[in-house]
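A.B. asks: I'm passing along model04.tsv; it holds TSV, C-alpha atoms and all ligand atoms.
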chain	number	residue	atom	x	y	z
A	1	MET	CA	-76.73	207.33	-47.52
A	2	ALA	CA	-75.43	207.15	-51.08
A	3	GLY	CA	-75.50	209.91	-53.65
A	4	ARG	CA	-74.30	210.09	-57.19
A	5	ILE	CA	-70.62	209.71	-57.98
A	6	PRO	CA	-68.85	212.97	-57.07
A	7	THR	CA	-66.85	214.55	-59.92
A	8	LEU	CA	-63.75	216.74	-59.60
A	9	ALA	CA	-65.96	219.84	-59.31
A	10	ASP	CA	-67.59	218.31	-56.24
A	11	LEU	CA	-64.25	218.52	-54.39
A	12	GLY	CA	-64.70	222.26	-53.95
A	13	ASP	CA	-61.55	224.34	-53.49
A	14	VAL	CA	-58.50	222.11	-53.95
A	15	SER	CA	-55.92	224.89	-53.61
A	16	GLY	CA	-53.22	224.00	-51.07
A	17	LYS	CA	-54.78	220.57	-50.49
A	18	ARG	CA	-52.86	217.30	-50.64
A	19	VAL	CA	-54.84	215.10	-53.00
A	20	LEU	CA	-54.22	211.35	-53.27
A	21	VAL	CA	-54.88	210.20	-56.85
A	22	ARG	CA	-55.24	206.44	-57.32
A	23	THR	CA	-53.91	205.90	-60.84
A	24	ASP	CA	-53.41	202.80	-62.94
A	25	PHE	CA	-49.68	202.93	-63.65
A	26	ASN	CA	-49.53	199.17	-64.18
A	27	VAL	CA	-47.44	199.70	-67.32
A	28	PRO	CA	-45.81	196.98	-69.43
A	29	MET	CA	-42.12	196.64	-68.49
A	30	GLU	CA	-39.17	194.83	-70.02
A	31	ASN	CA	-35.79	194.62	-68.25
A	32	GLY	CA	-36.70	197.50	-65.96
A	33	GLU	CA	-37.76	199.75	-68.85
A	34	ILE	CA	-41.29	200.94	-69.62
A	35	THR	CA	-42.29	199.65	-73.06
A	36	ASP	CA	-45.49	201.74	-73.32
A	37	ASP	CA	-46.24	204.81	-71.18
A	38	PHE	CA	-49.87	205.13	-72.37
A	39	ARG	CA	-51.25	204.61	-68.88
A	40	ILE	CA	-49.07	207.35	-67.41
A	41	ARG	CA	-50.07	209.80	-70.12
A	42	ALA	CA	-53.71	208.83	-69.68
A	43	ALA	CA	-53.61	210.06	-66.06
A	44	LEU	CA	-52.31	213.53	-67.00
A	45	PRO	CA	-55.67	215.29	-67.58
A	46	THR	CA	-56.75	214.59	-64.00
A	47	ILE	CA	-53.31	215.36	-62.53
A	48	ASN	CA	-53.13	218.63	-64.49
A	49	TRP	CA	-56.70	219.59	-63.54
A	50	LEU	CA	-55.67	219.38	-59.89
A	51	THR	CA	-52.23	220.97	-60.09
A	52	GLU	CA	-53.53	223.88	-62.20
A	53	ARG	CA	-55.88	224.64	-59.31
A	54	GLY	CA	-53.10	224.64	-56.76
A	55	ALA	CA	-53.38	221.11	-55.36
A	56	GLN	CA	-50.37	219.06	-54.30
A	57	VAL	CA	-50.87	215.72	-56.07
A	58	VAL	CA	-49.72	212.41	-54.60
A	59	THR	CA	-50.26	209.49	-56.97
A	60	ALA	CA	-50.38	205.81	-56.02
A	61	SER	CA	-50.64	202.63	-58.10
A	62	HIS	CA	-49.93	198.95	-58.15
A	63	LEU	CA	-47.47	197.42	-60.64
A	64	GLY	CA	-47.47	193.72	-61.45
A	65	ARG	CA	-48.13	191.09	-58.81
A	66	PRO	CA	-45.59	191.37	-56.00
A	67	LYS	CA	-48.06	189.54	-53.70
A	68	GLY	CA	-47.82	191.73	-50.61
A	69	GLN	CA	-44.00	191.76	-50.41
A	70	PRO	CA	-41.50	194.45	-51.40
A	71	ASN	CA	-39.74	193.27	-54.56
A	72	PRO	CA	-37.27	195.43	-56.52
A	73	LYS	CA	-38.52	193.85	-59.75
A	74	TYR	CA	-41.82	195.68	-59.24
A	75	SER	CA	-40.47	198.98	-57.91
A	76	MET	CA	-42.09	202.17	-59.19
A	77	ASP	CA	-38.71	203.83	-59.94
A	78	ALA	CA	-39.02	203.75	-63.74
A	79	VAL	CA	-42.61	205.02	-63.57
A	80	ARG	CA	-41.57	207.76	-61.13
A	81	ALA	CA	-38.83	208.91	-63.52
A	82	ARG	CA	-41.25	209.06	-66.47
A	83	LEU	CA	-43.90	210.81	-64.37
A	84	ALA	CA	-41.33	213.43	-63.31
A	85	GLU	CA	-40.80	214.25	-67.01
A	86	LEU	CA	-44.52	214.44	-67.78
A	87	ALA	CA	-45.75	216.06	-64.55
A	88	PRO	CA	-42.94	217.65	-62.56
A	89	GLY	CA	-43.54	217.98	-58.81
A	90	VAL	CA	-46.13	215.21	-58.64
A	91	GLU	CA	-45.35	212.56	-56.03
A	92	LEU	CA	-45.70	208.81	-56.53
A	93	LEU	CA	-45.89	206.37	-53.63
A	94	GLU	CA	-44.18	202.95	-53.73
A	95	ASN	CA	-46.04	200.01	-55.29
A	96	LEU	CA	-49.27	199.60	-53.29
A	97	ARG	CA	-49.07	195.82	-53.53
A	98	PHE	CA	-45.76	195.74	-51.62
A	99	ASP	CA	-48.07	195.75	-48.59
A	100	ALA	CA	-50.48	192.84	-48.11
A	101	GLY	CA	-52.91	195.40	-46.64
A	102	GLU	CA	-53.67	196.69	-50.16
A	103	GLU	CA	-55.24	193.55	-51.57
A	104	GLY	CA	-56.50	192.55	-48.10
A	105	ASN	CA	-58.28	195.92	-47.74
A	106	ASP	CA	-56.75	196.36	-44.29
A	107	PRO	CA	-58.04	199.46	-42.42
A	108	ALA	CA	-54.57	200.00	-40.94
A	109	PHE	CA	-53.14	200.22	-44.46
A	110	VAL	CA	-55.88	202.67	-45.48
A	111	ALA	CA	-55.03	204.82	-42.45
A	112	LYS	CA	-51.35	204.85	-43.45
A	113	LEU	CA	-52.25	205.69	-47.04
A	114	ILE	CA	-54.35	208.74	-46.17
A	115	GLU	CA	-52.10	210.15	-43.47
A	116	GLY	CA	-51.63	213.85	-44.25
A	117	ILE	CA	-54.02	213.58	-47.23
A	118	ASP	CA	-57.00	215.94	-47.56
A	119	MET	CA	-58.85	214.58	-50.58
A	120	TYR	CA	-59.03	211.46	-52.76
A	121	VAL	CA	-59.50	210.97	-56.50
A	122	ASP	CA	-59.98	207.59	-58.16
A	123	ASP	CA	-58.72	207.50	-61.75
A	124	ALA	CA	-57.73	203.81	-61.83
A	125	PHE	CA	-60.41	202.16	-63.94
A	126	GLY	CA	-58.33	199.00	-64.35
A	127	ALA	CA	-58.44	198.44	-60.56
A	128	CYS	CA	-62.01	199.58	-59.82
A	129	HIS	CA	-63.45	196.06	-59.94
A	130	ARG	CA	-61.33	195.13	-56.93
A	131	ALA	CA	-62.33	196.06	-53.36
A	132	HIS	CA	-58.71	196.85	-52.49
A	133	ALA	CA	-57.65	199.31	-49.78
A	134	SER	CA	-56.60	202.14	-52.11
A	135	ILE	CA	-59.87	201.86	-54.06
A	136	VAL	CA	-62.57	201.54	-51.41
A	137	GLY	CA	-60.78	202.83	-48.27
A	138	PRO	CA	-60.12	206.57	-48.74
A	139	PRO	CA	-63.68	207.54	-49.86
A	140	GLN	CA	-65.04	206.29	-46.53
A	141	THR	CA	-63.67	209.38	-44.83
A	142	LEU	CA	-62.18	211.81	-47.37
A	143	PRO	CA	-63.98	214.15	-49.78
A	144	SER	CA	-63.57	212.16	-53.00
A	145	ALA	CA	-64.09	212.31	-56.74
A	146	VAL	CA	-63.98	210.30	-59.92
A	147	GLY	CA	-61.04	211.29	-62.13
A	148	LEU	CA	-61.54	212.36	-65.74
A	149	LEU	CA	-60.29	209.08	-67.22
A	150	LEU	CA	-62.51	206.94	-65.01
A	151	GLN	CA	-65.47	209.24	-65.60
A	152	LYS	CA	-65.14	208.79	-69.38
A	153	GLU	CA	-64.90	205.00	-69.01
A	154	VAL	CA	-68.03	204.90	-66.88
A	155	GLU	CA	-70.00	207.13	-69.23
A	156	VAL	CA	-69.01	205.17	-72.33
A	157	LEU	CA	-69.48	201.67	-70.92
A	158	LEU	CA	-72.68	202.36	-69.02
A	159	GLY	CA	-73.92	204.15	-72.13
A	160	LEU	CA	-73.46	200.87	-74.04
A	161	ARG	CA	-75.37	199.04	-71.34
A	162	GLU	CA	-78.22	201.49	-71.03
A	163	HIS	CA	-78.84	203.32	-74.29
A	164	PRO	CA	-76.88	201.86	-77.23
A	165	LYS	CA	-77.89	202.76	-80.76
A	166	HIS	CA	-79.16	199.67	-82.57
A	167	PRO	CA	-78.05	197.47	-84.20
A	168	PHE	CA	-75.67	196.91	-81.28
A	169	VAL	CA	-73.10	194.19	-81.98
A	170	ALA	CA	-70.62	192.67	-79.54
A	171	VAL	CA	-67.53	191.00	-81.01
A	172	LEU	CA	-65.88	188.62	-78.59
A	173	GLY	CA	-62.74	186.53	-78.83
A	174	GLY	CA	-59.56	185.90	-76.91
A	175	SER	CA	-58.69	183.01	-74.71
A	176	LYS	CA	-60.28	183.63	-71.30
A	177	ILE	CA	-63.52	181.81	-72.07
A	178	SER	CA	-64.97	181.09	-68.64
A	179	ASP	CA	-64.09	184.63	-67.52
A	180	LYS	CA	-66.13	186.03	-70.36
A	181	LEU	CA	-69.26	183.86	-70.48
A	182	GLY	CA	-70.88	185.99	-67.77
A	183	VAL	CA	-70.57	189.04	-69.96
A	184	VAL	CA	-71.88	187.09	-72.98
A	185	GLU	CA	-74.98	186.29	-70.98
A	186	ALA	CA	-75.43	189.91	-69.83
A	187	LEU	CA	-74.81	191.22	-73.36
A	188	LEU	CA	-77.51	188.96	-74.78
A	189	ASN	CA	-79.99	191.27	-73.01
A	190	THR	CA	-78.85	194.38	-74.88
A	191	VAL	CA	-77.16	193.39	-78.14
A	192	ASP	CA	-78.81	192.50	-81.44
A	193	ALA	CA	-76.00	190.17	-82.43
A	194	LEU	CA	-72.96	188.49	-80.95
A	195	VAL	CA	-69.92	187.72	-83.08
A	196	ILE	CA	-67.65	185.07	-81.61
A	197	GLY	CA	-64.10	184.32	-82.75
A	198	GLY	CA	-60.79	183.65	-81.01
A	199	ALA	CA	-60.27	180.57	-78.92
A	200	MET	CA	-63.68	181.31	-77.44
A	201	CYS	CA	-65.40	180.00	-80.59
A	202	PHE	CA	-64.29	176.39	-80.08
A	203	THR	CA	-66.32	175.78	-76.96
A	204	PHE	CA	-69.36	177.14	-78.85
A	205	LEU	CA	-68.57	175.03	-81.94
A	206	ALA	CA	-68.15	171.95	-79.72
A	207	ALA	CA	-71.52	172.78	-78.13
A	208	GLN	CA	-73.02	172.61	-81.63
A	209	GLY	CA	-71.42	169.22	-82.21
A	210	TYR	CA	-68.61	170.22	-84.58
A	211	PRO	CA	-65.26	168.43	-84.26
A	212	ILE	CA	-62.69	171.02	-83.10
A	213	GLY	CA	-59.51	168.91	-83.32
A	214	ALA	CA	-56.96	169.85	-80.67
A	215	SER	CA	-57.98	173.53	-80.47
A	216	LEU	CA	-58.15	175.40	-77.18
A	217	TRP	CA	-61.52	174.91	-75.48
A	218	GLU	CA	-63.12	174.52	-72.05
A	219	PRO	CA	-65.08	171.26	-71.89
A	220	ASP	CA	-66.76	172.22	-68.61
A	221	GLN	CA	-68.29	175.27	-70.31
A	222	VAL	CA	-70.00	173.36	-73.13
A	223	ASP	CA	-73.33	173.22	-71.30
A	224	THR	CA	-73.22	176.95	-70.63
A	225	CYS	CA	-72.52	177.59	-74.33
A	226	LYS	CA	-75.44	175.33	-75.32
A	227	ARG	CA	-77.71	177.27	-73.00
A	228	LEU	CA	-76.51	180.62	-74.38
A	229	LEU	CA	-77.10	179.44	-77.96
A	230	GLU	CA	-80.65	178.39	-77.07
A	231	GLN	CA	-81.24	181.61	-75.15
A	232	SER	CA	-80.17	183.70	-78.13
A	233	LYS	CA	-82.45	181.76	-80.49
A	234	ALA	CA	-85.42	182.16	-78.15
A	235	SER	CA	-84.85	185.93	-77.89
A	236	GLY	CA	-84.30	186.49	-81.62
A	237	LYS	CA	-80.61	187.41	-81.28
A	238	THR	CA	-78.03	186.15	-83.74
A	239	ILE	CA	-74.80	184.51	-82.65
A	240	TYR	CA	-72.29	184.51	-85.50
A	241	LEU	CA	-69.66	181.76	-85.30
A	242	PRO	CA	-66.79	181.03	-87.72
A	243	GLU	CA	-67.47	179.10	-90.92
A	244	ASP	CA	-63.81	178.67	-91.81
A	245	LEU	CA	-60.58	178.67	-89.83
A	246	THR	CA	-56.82	178.77	-90.22
A	247	GLY	CA	-54.36	177.00	-87.96
A	248	VAL	CA	-52.04	174.03	-88.05
A	249	ASP	CA	-52.68	170.43	-89.03
A	250	ALA	CA	-51.72	167.40	-86.94
A	251	ASN	CA	-48.10	167.76	-88.18
A	252	GLY	CA	-47.92	171.38	-87.08
A	253	GLU	CA	-48.04	172.70	-90.67
A	254	TYR	CA	-50.03	175.86	-91.53
A	255	ALA	CA	-53.44	174.87	-92.89
A	256	THR	CA	-56.87	176.25	-93.73
A	257	PHE	CA	-60.02	174.46	-92.71
A	258	GLY	CA	-63.77	174.48	-93.11
A	259	ILE	CA	-65.94	174.36	-90.03
A	260	ARG	CA	-64.90	170.79	-89.09
A	261	LEU	CA	-61.34	170.43	-87.85
A	262	PRO	CA	-59.55	167.14	-88.49
A	263	GLU	CA	-58.14	165.17	-85.58
A	264	GLY	CA	-55.04	166.78	-84.09
A	265	ALA	CA	-55.54	170.08	-85.97
A	266	LYS	CA	-55.54	173.37	-84.08
A	267	GLY	CA	-57.54	176.45	-85.04
A	268	PHE	CA	-55.53	179.62	-84.42
A	269	ASP	CA	-57.51	182.20	-86.39
A	270	ILE	CA	-60.84	182.74	-88.11
A	271	GLY	CA	-60.61	182.08	-91.85
A	272	PRO	CA	-60.91	184.73	-94.61
A	273	GLY	CA	-64.59	183.96	-95.34
A	274	THR	CA	-65.46	184.37	-91.68
A	275	ALA	CA	-63.39	187.54	-91.35
A	276	ALA	CA	-65.28	189.07	-94.30
A	277	ALA	CA	-68.64	188.06	-92.82
A	278	PHE	CA	-67.75	189.47	-89.39
A	279	SER	CA	-66.55	192.65	-91.04
A	280	ASP	CA	-69.94	193.06	-92.80
A	281	VAL	CA	-71.77	192.72	-89.49
A	282	ILE	CA	-69.55	195.44	-87.98
A	283	MET	CA	-70.02	197.74	-90.98
A	284	ASP	CA	-73.83	197.47	-90.71
A	285	ALA	CA	-73.95	198.13	-86.94
A	286	ARG	CA	-74.50	201.46	-85.18
A	287	THR	CA	-72.73	200.43	-81.97
A	288	VAL	CA	-69.92	197.88	-81.66
A	289	PHE	CA	-68.14	196.61	-78.56
A	290	TRP	CA	-65.08	194.47	-79.24
A	291	ASN	CA	-63.20	192.39	-76.68
A	292	GLY	CA	-60.70	189.67	-77.43
A	293	PRO	CA	-58.58	189.05	-80.55
A	294	MET	CA	-59.99	186.79	-83.29
A	295	GLY	CA	-56.89	184.62	-83.24
A	296	MET	CA	-53.32	184.24	-82.07
A	297	PHE	CA	-52.47	187.61	-83.65
A	298	GLU	CA	-48.99	187.69	-82.03
A	299	ASP	CA	-48.00	185.15	-84.72
A	300	PRO	CA	-48.04	186.88	-88.14
A	301	ARG	CA	-49.47	183.69	-89.71
A	302	PHE	CA	-52.58	184.09	-87.56
A	303	GLU	CA	-53.13	187.84	-87.41
A	304	ALA	CA	-55.32	188.21	-90.52
A	305	GLY	CA	-58.69	187.68	-88.82
A	306	THR	CA	-57.94	190.14	-86.04
A	307	ARG	CA	-56.59	192.65	-88.57
A	308	THR	CA	-59.75	192.45	-90.72
A	309	VAL	CA	-61.98	192.95	-87.69
A	310	ALA	CA	-59.80	195.83	-86.44
A	311	GLN	CA	-59.99	197.46	-89.87
A	312	ALA	CA	-63.79	197.14	-89.89
A	313	MET	CA	-63.86	198.73	-86.42
A	314	ALA	CA	-61.86	201.64	-87.86
A	315	ASP	CA	-63.99	201.94	-91.03
A	316	THR	CA	-67.53	201.51	-89.71
A	317	LYS	CA	-69.69	204.55	-88.98
A	318	ALA	CA	-70.82	202.84	-85.77
A	319	PHE	CA	-69.81	204.07	-82.31
A	320	THR	CA	-66.91	201.74	-81.52
A	321	VAL	CA	-65.55	200.68	-78.14
A	322	VAL	CA	-62.64	198.31	-77.59
A	323	GLY	CA	-61.91	196.69	-74.23
A	324	GLY	CA	-59.23	194.21	-73.18
A	325	GLY	CA	-55.46	194.51	-72.98
A	326	ASP	CA	-54.67	192.21	-75.89
A	327	SER	CA	-57.39	193.65	-78.13
A	328	ALA	CA	-56.02	197.15	-77.50
A	329	ALA	CA	-52.49	195.86	-78.21
A	330	ALA	CA	-53.71	194.35	-81.50
A	331	LEU	CA	-55.30	197.65	-82.53
A	332	ALA	CA	-52.07	199.47	-81.72
A	333	GLN	CA	-50.04	196.86	-83.63
A	334	PHE	CA	-52.15	197.64	-86.73
A	335	GLY	CA	-51.87	201.40	-86.13
A	336	LEU	CA	-55.66	201.72	-85.78
A	337	ASP	CA	-55.98	202.75	-82.14
A	338	ASP	CA	-56.86	206.36	-83.07
A	339	ASP	CA	-59.60	205.20	-85.46
A	340	VAL	CA	-62.04	203.81	-82.88
A	341	ASP	CA	-64.16	205.95	-80.58
A	342	HIS	CA	-63.00	204.59	-77.24
A	343	VAL	CA	-60.22	202.24	-76.17
A	344	SER	CA	-60.90	201.19	-72.61
A	345	THR	CA	-57.93	201.10	-70.22
A	346	GLY	CA	-59.52	198.34	-68.16
A	347	GLY	CA	-59.72	194.72	-69.27
A	348	GLY	CA	-61.50	192.87	-66.47
A	349	ALA	CA	-63.02	196.10	-65.20
A	350	SER	CA	-64.66	196.97	-68.54
A	351	LEU	CA	-66.24	193.51	-68.81
A	352	GLU	CA	-67.43	193.59	-65.23
A	353	LEU	CA	-68.95	197.05	-65.62
A	354	LEU	CA	-70.77	195.91	-68.77
A	355	GLU	CA	-71.96	192.77	-67.05
A	356	LEU	CA	-73.00	194.15	-63.66
A	357	GLY	CA	-73.48	197.87	-64.27
A	358	ASP	CA	-71.43	198.79	-61.23
A	359	LEU	CA	-67.99	198.31	-59.65
A	360	PRO	CA	-66.79	198.35	-56.02
A	361	GLY	CA	-64.73	201.49	-56.68
A	362	LEU	CA	-67.75	203.38	-58.03
A	363	GLU	CA	-69.95	202.23	-55.18
A	364	ALA	CA	-67.31	203.50	-52.71
A	365	LEU	CA	-67.30	206.94	-54.38
A	366	ARG	CA	-71.09	207.11	-54.18
A	367	HIS	CA	-70.76	206.77	-50.41
A	368	ALA	CA	-68.09	209.48	-50.04
A	369	PRO	CA	-68.93	212.24	-47.53
A	370	ASN	CA	-69.24	214.81	-50.35
A	371	ALA	CA	-71.32	212.64	-52.74
A	372	PRO	CA	-74.18	214.88	-53.96
A	373	ILE	CA	-77.71	213.57	-53.63
A	374	SER	CA	-79.03	213.98	-57.14
A	375	PRO	CA	-80.62	210.91	-58.69
A	376	ASN	CA	-81.00	212.37	-62.19
A	377	ASP	CA	-77.37	213.10	-62.78
A	378	PRO	CA	-75.86	211.40	-65.85
A	379	ILE	CA	-73.27	209.53	-63.86
A	380	SER	CA	-75.58	208.25	-61.24
A	381	PRO	CA	-74.81	204.99	-63.05
A	382	ASN	CA	-77.42	202.31	-63.02
A	383	GLY	CA	-80.38	204.53	-62.27
A	384	ARG	CA	-81.37	202.45	-59.32
A	385	GLU	CA	-83.02	203.66	-56.13
A	386	LEU	CA	-80.72	205.71	-53.99
A	387	SER	CA	-80.62	204.63	-50.38
B	1	LIG	P1	-58.10	190.56	-74.03
B	1	LIG	O1	-56.80	190.84	-73.30
B	1	LIG	O2	-58.28	191.46	-75.21
B	1	LIG	O3	-59.28	190.52	-73.12
B	1	LIG	P2	-57.67	187.70	-73.88
B	1	LIG	O4	-56.65	187.94	-72.83
B	1	LIG	O5	-58.92	187.01	-73.51
B	1	LIG	O6	-57.99	189.08	-74.66
B	1	LIG	O7	-57.05	186.80	-75.04
B	1	LIG	C1	-55.91	187.20	-75.77
B	1	LIG	C2	-55.13	186.00	-76.20
B	1	LIG	O8	-55.94	185.05	-76.85
B	1	LIG	C3	-54.06	186.37	-77.20
B	1	LIG	O9	-52.79	186.18	-76.59
B	1	LIG	C4	-54.27	185.40	-78.36
B	1	LIG	O10	-53.07	184.84	-78.83
B	1	LIG	C5	-55.12	184.34	-77.75
B	1	LIG	N1	-55.93	183.62	-78.74
B	1	LIG	C6	-56.89	184.12	-79.53
B	1	LIG	N2	-57.40	183.17	-80.34
B	1	LIG	C7	-56.74	182.03	-80.06
B	1	LIG	C8	-56.82	180.69	-80.55
B	1	LIG	N3	-57.66	180.36	-81.51
B	1	LIG	N4	-56.00	179.77	-80.00
B	1	LIG	C9	-55.15	180.13	-79.03
B	1	LIG	N5	-55.02	181.36	-78.52
B	1	LIG	C10	-55.82	182.31	-79.03
B	2	MG	MG	-55.57	189.58	-72.12
Would you encode the structure as structure tokens?
Ligand code: ADP
Ligand code: MG
C.D. replies:
Amino acid sequence: MAGRIPTLADLGDVSGKRVLVRTDFNVPMENGEITDDFRIRAALPTINWLTERGAQVVTASHLGRPKGQPNPKYSMDAVRARLAELAPGVELLENLRFDAGEEGNDPAFVAKLIEGIDMYVDDAFGACHRAHASIVGPPQTLPSAVGLLLQKEVEVLLGLREHPKHPFVAVLGGSKISDKLGVVEALLNTVDALVIGGAMCFTFLAAQGYPIGASLWEPDQVDTCKRLLEQSKASGKTIYLPEDLTGVDANGEYATFGIRLPEGAKGFDIGPGTAAAFSDVIMDARTVFWNGPMGMFEDPRFEAGTRTVAQAMADTKAFTVVGGGDSAAALAQFGLDDDVDHVSTGGGASLELLELGDLPGLEALRHAPNAPISPNDPISPNGRELS
């Protein structure tokens, strides 16, 4: 029997209880030092909510990809030290992925994880699309709840899926094309327009027959792109693609191009005309979801398109949501991260939630022993029949 997703209030009295909080402390590290502690700070509202009410909080997270083996390179020591400064007295377990049972969702690992634990809270949006032990295991037996960070993510992203204000525009870019075509297809059901830049645009341009030089593309996705272009036309949606580009010519020299790239040339950013056009679309929208940089913004020669789009995201009156690790990094690089309405902490998870309307971690919470049966609650996500 599944109910709605239990919130912190549905835990009842937490005083004196040991509460396992699954956090996403997968922070960027360089030479053993944390380069950005945003993810640790983002977990504090939930941690503080619990400790203020007398709970003993035990946090757990993965860090990097140690592949089921202990590896000092991925130890949680630096995170533990930072957490001790931000939330004294809160425990942090060792990297969950040091044990193959985490990614393998091994019941024996779940049992070890919840030994001596009374309650479970999931606040790890970035890991909720994975059916890993620490995500789907504890809610099978423990009173459980969605943490404040995860709750906000779910409300914002499902809100986009279910009741966006129109015009709703999705701006997509980045380099993981095949990963993202599923979400393009799902978005075509809800958006009024799709704006496509980044390396993603070249597979679409190739599908329209334009020469793309030596730019990054995925030839085996051309047919899918053709189908999506036809689908959008048939349903009256607009797909905006670049009309000019910047990049390098066949000799590797910086160059600007029209829509047709010469042989050997590589497109690394949308051109200024395109950036202005995309910006207009964003300014006229009432809801905008942005995932994926418009170009190789890490190189200052090719950051202009991403910067213009980021600035439009900051300036528009629309409700603005940004998902994706690199898109969030670009916003931060331009100092605009406080000027959008929501920056999602989950890359893959935010796309999957938009595409499918549910995640394994949320489904697990809905089956927790304390999940309230109340179909009309706002975070009973996809409004489907409760079983
Ligand atoms: P996100 O993390 O926001 O989901 P992705 O991981 O899909 O975004 O893509 C980010 C990467 O895409 C960036 O490192 C950027 O340099 C790269 N990129 C964007 N446009 C291009 C392009 N035209 N050619 C090559 N790489 C690109
Ligand atoms: Mg990325």
A.B. asks: With the cut-off set at 7 Å and counting all atoms listed in the file, tabulate each residue of chain A with an atom at most that distance from an atom of ligand LIG 1 (chain B), showing the nearest atom pair and its distance in Å to one decimal, ordered by chain and increasing number, as a Markdown table.
C.D. replies:
| residue | atom | partner | partner_atom | distance |
| --- | --- | --- | --- | --- |
| A:Gly173 | CA | B:LIG1 | C6 | 6.4 |
| A:Gly174 | CA | B:LIG1 | O7 | 3.3 |
| A:Ser175 | CA | B:LIG1 | O8 | 4.0 |
| A:Lys176 | CA | B:LIG1 | O5 | 4.3 |
| A:Gly198 | CA | B:LIG1 | N2 | 3.5 |
| A:Ala199 | CA | B:LIG1 | N3 | 3.7 |
| A:Ser215 | CA | B:LIG1 | N4 | 6.6 |
| A:Leu216 | CA | B:LIG1 | N4 | 5.6 |
| A:Gly267 | CA | B:LIG1 | N3 | 5.3 |
| A:Phe268 | CA | B:LIG1 | N3 | 3.7 |
| A:Asp269 | CA | B:LIG1 | N3 | 5.2 |
| A:Asn291 | CA | B:LIG1 | O2 | 5.2 |
| A:Gly292 | CA | B:LIG1 | O2 | 3.7 |
| A:Pro293 | CA | B:LIG1 | C6 | 5.3 |
| A:Met294 | CA | B:LIG1 | N2 | 5.3 |
| A:Gly295 | CA | B:LIG1 | N2 | 3.3 |
| A:Met296 | CA | B:LIG1 | O10 | 3.3 |
| A:Phe297 | CA | B:LIG1 | O10 | 5.6 |
| A:Glu298 | CA | B:LIG1 | O10 | 5.9 |
| A:Gly323 | CA | B:LIG1 | O2 | 6.4 |
| A:Gly324 | CA | B:LIG1 | O2 | 3.5 |
| A:Gly325 | CA | B:LIG1 | O1 | 3.9 |
| A:Asp326 | CA | B:LIG1 | O1 | 3.6 |
| A:Ser327 | CA | B:LIG1 | O2 | 3.8 |
| A:Ala328 | CA | B:LIG1 | O2 | 6.5 |
| A:Gly347 | CA | B:LIG1 | O3 | 5.7 |
A.B. asks: How would the residues just picked look written out with C-alpha atoms as a short mmCIF file (atom, residue, chain, number, x, y, z; two decimals), in the coordinates of the input?
C.D. replies:
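Output saved as result-v6.cif:
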data_model
loop_
_atom_site.label_atom_id
_atom_site.label_comp_id
_atom_site.auth_asym_id
_atom_site.auth_seq_id
_atom_site.Cartn_x
_atom_site.Cartn_y
_atom_site.Cartn_z
CA GLY A 173 -62.74 186.53 -78.83
CA GLY A 174 -59.56 185.90 -76.91
CA SER A 175 -58.69 183.01 -74.71
CA LYS A 176 -60.28 183.63 -71.30
CA GLY A 198 -60.79 183.65 -81.01
CA ALA A 199 -60.27 180.57 -78.92
CA SER A 215 -57.98 173.53 -80.47
CA LEU A 216 -58.15 175.40 -77.18
CA GLY A 267 -57.54 176.45 -85.04
CA PHE A 268 -55.53 179.62 -84.42
CA ASP A 269 -57.51 182.20 -86.39
CA ASN A 291 -63.20 192.39 -76.68
CA GLY A 292 -60.70 189.67 -77.43
CA PRO A 293 -58.58 189.05 -80.55
CA MET A 294 -59.99 186.79 -83.29
CA GLY A 295 -56.89 184.62 -83.24
CA MET A 296 -53.32 184.24 -82.07
CA PHE A 297 -52.47 187.61 -83.65
CA GLU A 298 -48.99 187.69 -82.03
CA GLY A 323 -61.91 196.69 -74.23
CA GLY A 324 -59.23 194.21 -73.18
CA GLY A 325 -55.46 194.51 -72.98
CA ASP A 326 -54.67 192.21 -75.89
CA SER A 327 -57.39 193.65 -78.13
CA ALA A 328 -56.02 197.15 -77.50
CA GLY A 347 -59.72 194.72 -69.27
#
A.B. asks: For a quick check of understanding, using only C-alpha atoms, which of A:Thr320, A:Gln140, A:Gln333, A:Thr59 has the smallest distance to Leu160 of chain A?
C.D. replies: A:Thr320
A.B. asks: Enter the distance from atom CA of Lys152 of chain A to atom CA of Arg130 of chain A, in Å, rounded to one decimal.
C.D. replies: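 According to the coordinates, atom CA of Lys152 of chain A and atom CA of Arg130 of chain A are separated by 18.9 Å.
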A.B. asks: Give the answer as one residue: which of A:Ala255, A:Ile177, A:Ile196, A:Ala9 has the shortest atom-to-atom distance to ligand MG 2 (chain B), using all atoms listed in the file?
C.D. replies: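 Using all atoms listed in the file, the shortest distance to ligand MG 2 (chain B) belongs to A:Ile177.
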A.B. asks: A:Lys233, A:His129, A:Lys165, A:Lys266: which is nearest Gly357 of chain A, counting all atoms listed in the file?
C.D. replies: A:His129
A.B. asks: Distance atom CA of Leu96 of chain A-atom CA of Ser61 of chain A, one decimal place?
C.D. replies: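 Straight-line distance from atom CA of Leu96 of chain A to atom CA of Ser61 of chain A works out to 5.8 Å.
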